[in-house]
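Participant: After the structure tokens below, expect a handful of questions from me.
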Amino acid sequence: MGNAKSSAISKEILEDLKLNTKFTENELYQWYENFQKQCPTGRISPEEFETIYARFFPDSEAKTYAQHVFRSFDTNEDGTLDFKEYIIALHMTSSGKTTRKLEWAFSLFDVDKNGYITKTEVEVICQAIFNLIPKEDLPKLPADENTPEKRANKLWGYFEKPDNDRLAEGEFIKGVTENENAMRLIHYEPITD
């Protein structure tokens, strides 16, 4: 097998991703090959990420949400995502209700990255989530969450905090874990009839 190309995924990153995501080694190689093709520089810009993300949500306005997702995964804040940050992003936004996913959700909602979530930030993300919902699904939403404001109010209500207060990460994770509905409100899942 001695023909490992320099563009091959490093053992270290591979092991790390196998440990931290649900993807198999073969899947990771596939992702990496596609990544190399799409991003020869090894870096994804916010624009490229928006394009990739839009494919997951073909019927909706995913741009704002993609920007927030990008921000939350650009852990070294260099304005790009490398392969590892990208795979973790895909994994987190597509997989189960793990603590890691809730930690990610916290960073998604922490718009100004100060380590706390305010009700205003919840409103910002609820607006972005709303843009993901296809127009024809809006009438199917429950009456108490059929606008971004109502969704934000409902979600904030689970944390039993005054409107001008703020949430630390532990409080956020606890509040969401204890309320099945809160779990559903922190991200967008397509409505299934």
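Each chain in the structure tokens gets a letter, A, B and so on, in the order shown; residues start at 1 in every chain, and ligands are counted from 1 in the order they appear.
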Taking the DSSP secondary structure from the backbone, can you list the residues of chain A that are strand (DSSP E), as a PyMOL selection string?
Facilitator: chain A and resi 117-118+166-167
Participant: How would the residues just picked look written out with C-alpha atoms as a PDB file, in the first residue's frame?
Facilitator:
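Below is the file that was written, result06.pdb:
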ATOM      1  CA  ILE A 117     -26.860  33.212  25.958  1.00  0.00           C
ATOM      2  CA  THR A 118     -29.354  36.062  26.179  1.00  0.00           C
ATOM      3  CA  ARG A 166     -28.562  35.268  30.728  1.00  0.00           C
ATOM      4  CA  LEU A 167     -27.829  31.544  30.558  1.00  0.00           C
TER       5      LEU A 167
END
Participant: Skipping near chain neighbours, those fewer than 6 positions away, what residues fall within 6 Å of segment 43-55 of chain A using only C-alpha atoms, listed as a PyMOL selection string?
Facilitator: chain A and resi 62-63+66+80-82
Participant: Give me the residues near segment 131-139 of chain A as a PyMOL selection string, where near means some atom within 7 Å (using only C-alpha atoms) and where sequence neighbours in that chain fewer than 6 positions away do not count.
Facilitator: chain A and resi 59-62+146
Participant: So which bits of segment 11-88 of chain A end up alpha helix (DSSP H) when you DSSP the backbone, as a ChimeraX atom specification?
Facilitator: /A:11-20,25-38,46-56,63-73,83-88
Participant: Could you please take those selected residues and save N, CA and C atoms as a short mmCIF file (atom, residue, chain, number, x, y, z; two decimals), in the first residue's frame?
Facilitator:
data_model
loop_
_atom_site.label_atom_id
_atom_site.label_comp_id
_atom_site.auth_asym_id
_atom_site.auth_seq_id
_atom_site.Cartn_x
_atom_site.Cartn_y
_atom_site.Cartn_z
N LYS A 11 -3.27 10.26 9.84
CA LYS A 11 -3.70 9.22 10.79
C LYS A 11 -4.34 9.84 12.03
N GLU A 12 -3.68 10.89 12.52
CA GLU A 12 -4.09 11.55 13.76
C GLU A 12 -5.51 12.10 13.63
N ILE A 13 -5.75 12.81 12.53
CA ILE A 13 -7.07 13.40 12.30
C ILE A 13 -8.11 12.30 12.10
N LEU A 14 -7.70 11.27 11.36
CA LEU A 14 -8.61 10.15 11.11
C LEU A 14 -9.05 9.49 12.41
N GLU A 15 -8.09 9.18 13.27
CA GLU A 15 -8.40 8.54 14.56
C GLU A 15 -9.31 9.43 15.39
N ASP A 16 -8.97 10.70 15.42
CA ASP A 16 -9.74 11.67 16.19
C ASP A 16 -11.19 11.73 15.71
N LEU A 17 -11.36 11.75 14.39
CA LEU A 17 -12.72 11.85 13.84
C LEU A 17 -13.49 10.55 14.02
N LYS A 18 -12.79 9.42 13.92
CA LYS A 18 -13.48 8.14 14.15
C LYS A 18 -13.99 8.07 15.58
N LEU A 19 -13.21 8.63 16.48
CA LEU A 19 -13.56 8.63 17.89
C LEU A 19 -14.74 9.57 18.18
N ASN A 20 -14.72 10.72 17.53
CA ASN A 20 -15.65 11.79 17.89
C ASN A 20 -16.88 11.94 16.99
N GLU A 25 -14.29 4.79 8.85
CA GLU A 25 -13.05 5.16 8.17
C GLU A 25 -13.29 5.36 6.68
N ASN A 26 -14.05 4.44 6.06
CA ASN A 26 -14.34 4.58 4.63
C ASN A 26 -15.10 5.85 4.32
N GLU A 27 -16.10 6.15 5.15
CA GLU A 27 -16.87 7.38 4.93
C GLU A 27 -15.96 8.60 5.05
N LEU A 28 -15.08 8.58 6.03
CA LEU A 28 -14.18 9.71 6.22
C LEU A 28 -13.26 9.90 5.03
N TYR A 29 -12.79 8.77 4.46
CA TYR A 29 -11.97 8.87 3.24
C TYR A 29 -12.77 9.49 2.10
N GLN A 30 -14.03 9.06 1.97
CA GLN A 30 -14.92 9.62 0.93
C GLN A 30 -15.09 11.12 1.12
N TRP A 31 -15.44 11.51 2.36
CA TRP A 31 -15.62 12.93 2.67
C TRP A 31 -14.35 13.70 2.30
N TYR A 32 -13.20 13.08 2.65
CA TYR A 32 -11.94 13.78 2.45
C TYR A 32 -11.65 13.97 0.96
N GLU A 33 -11.93 12.93 0.17
CA GLU A 33 -11.72 13.05 -1.28
C GLU A 33 -12.59 14.17 -1.86
N ASN A 34 -13.86 14.18 -1.46
CA ASN A 34 -14.75 15.23 -1.93
C ASN A 34 -14.28 16.60 -1.47
N PHE A 35 -13.81 16.63 -0.24
CA PHE A 35 -13.33 17.89 0.34
C PHE A 35 -12.15 18.42 -0.47
N GLN A 36 -11.19 17.51 -0.80
CA GLN A 36 -10.02 17.90 -1.59
C GLN A 36 -10.45 18.47 -2.95
N LYS A 37 -11.47 17.83 -3.56
CA LYS A 37 -11.95 18.29 -4.87
C LYS A 37 -12.59 19.67 -4.74
N GLN A 38 -13.48 19.81 -3.75
CA GLN A 38 -14.22 21.06 -3.61
C GLN A 38 -13.34 22.18 -3.08
N PRO A 46 -16.69 30.86 4.26
CA PRO A 46 -18.11 30.94 4.63
C PRO A 46 -19.03 30.76 3.42
N GLU A 47 -18.63 31.32 2.27
CA GLU A 47 -19.45 31.21 1.06
C GLU A 47 -19.57 29.76 0.60
N GLU A 48 -18.45 29.05 0.58
CA GLU A 48 -18.47 27.64 0.17
C GLU A 48 -19.33 26.83 1.13
N PHE A 49 -19.21 27.14 2.41
CA PHE A 49 -19.98 26.41 3.41
C PHE A 49 -21.48 26.64 3.19
N GLU A 50 -21.85 27.88 2.89
CA GLU A 50 -23.26 28.19 2.61
C GLU A 50 -23.77 27.37 1.43
N THR A 51 -22.94 27.24 0.39
CA THR A 51 -23.33 26.47 -0.78
C THR A 51 -23.54 25.00 -0.44
N ILE A 52 -22.59 24.43 0.32
CA ILE A 52 -22.70 23.04 0.74
C ILE A 52 -23.95 22.86 1.60
N TYR A 53 -24.15 23.79 2.51
CA TYR A 53 -25.27 23.68 3.46
C TYR A 53 -26.61 23.79 2.74
N ALA A 54 -26.65 24.64 1.74
CA ALA A 54 -27.90 24.84 1.00
C ALA A 54 -28.39 23.55 0.36
N ARG A 55 -27.45 22.65 0.03
CA ARG A 55 -27.84 21.37 -0.56
C ARG A 55 -28.63 20.51 0.42
N PHE A 56 -28.34 20.68 1.71
CA PHE A 56 -29.08 19.92 2.72
C PHE A 56 -30.51 20.45 2.86
N LYS A 63 -29.12 30.41 4.22
CA LYS A 63 -27.92 31.23 4.30
C LYS A 63 -27.60 31.73 5.72
N THR A 64 -28.60 32.36 6.37
CA THR A 64 -28.36 32.91 7.71
C THR A 64 -27.96 31.82 8.69
N TYR A 65 -28.71 30.71 8.63
CA TYR A 65 -28.43 29.61 9.55
C TYR A 65 -27.01 29.08 9.30
N ALA A 66 -26.67 28.92 8.02
CA ALA A 66 -25.34 28.42 7.66
C ALA A 66 -24.26 29.35 8.22
N GLN A 67 -24.50 30.65 8.20
CA GLN A 67 -23.52 31.60 8.73
C GLN A 67 -23.32 31.38 10.24
N HIS A 68 -24.43 31.16 10.95
CA HIS A 68 -24.32 30.91 12.39
C HIS A 68 -23.62 29.58 12.67
N VAL A 69 -23.95 28.57 11.87
CA VAL A 69 -23.31 27.27 12.03
C VAL A 69 -21.80 27.41 11.78
N PHE A 70 -21.46 28.12 10.72
CA PHE A 70 -20.05 28.35 10.38
C PHE A 70 -19.32 29.00 11.55
N ARG A 71 -19.91 30.07 12.08
CA ARG A 71 -19.31 30.79 13.22
C ARG A 71 -19.06 29.84 14.39
N SER A 72 -20.04 28.98 14.66
CA SER A 72 -19.92 28.12 15.84
C SER A 72 -18.87 27.03 15.67
N PHE A 73 -18.51 26.70 14.43
CA PHE A 73 -17.51 25.66 14.20
C PHE A 73 -16.13 26.19 13.88
N PHE A 83 -10.68 20.66 7.35
CA PHE A 83 -11.41 19.40 7.17
C PHE A 83 -12.02 18.91 8.48
N LYS A 84 -11.22 18.99 9.55
CA LYS A 84 -11.69 18.48 10.84
C LYS A 84 -12.89 19.29 11.35
N GLU A 85 -12.77 20.61 11.30
CA GLU A 85 -13.89 21.46 11.75
C GLU A 85 -15.13 21.18 10.90
N TYR A 86 -14.90 20.96 9.62
CA TYR A 86 -16.00 20.70 8.67
C TYR A 86 -16.72 19.39 9.00
N ILE A 87 -15.97 18.32 9.24
CA ILE A 87 -16.57 17.02 9.54
C ILE A 87 -17.33 17.07 10.86
N ILE A 88 -16.73 17.73 11.84
CA ILE A 88 -17.42 17.86 13.14
C ILE A 88 -18.73 18.63 12.94
#
Participant: Given the choices A:Asp165, A:Glu123, A:Glu145, A:Glu160, which gets closest to Asn179 of chain A if the distance is worked out from only C-alpha atoms?
Facilitator: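 Smallest separation from Asn179 of chain A among the options: A:Glu160.
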Participant: Pick out the residues sitting within 8 Å of His91 of chain A, and hand them over as a list in words; count only C-alpha atoms, and ignore anything fewer than 3 positions along from it in its own chain.
Facilitator: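 Everything that qualifies: Thr21, Lys22, Phe23, Ile87, Ile88, Ser94 and Ser95 of chain A.
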Participant: Kindly indicate which residue among A:Ser107, A:Thr41, A:Gln127, A:Thr93 lies nearest to Lys150 of chain A, using only C-alpha atoms for the distances.
Facilitator: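 The closest residue to Lys150 of chain A is A:Gln127.
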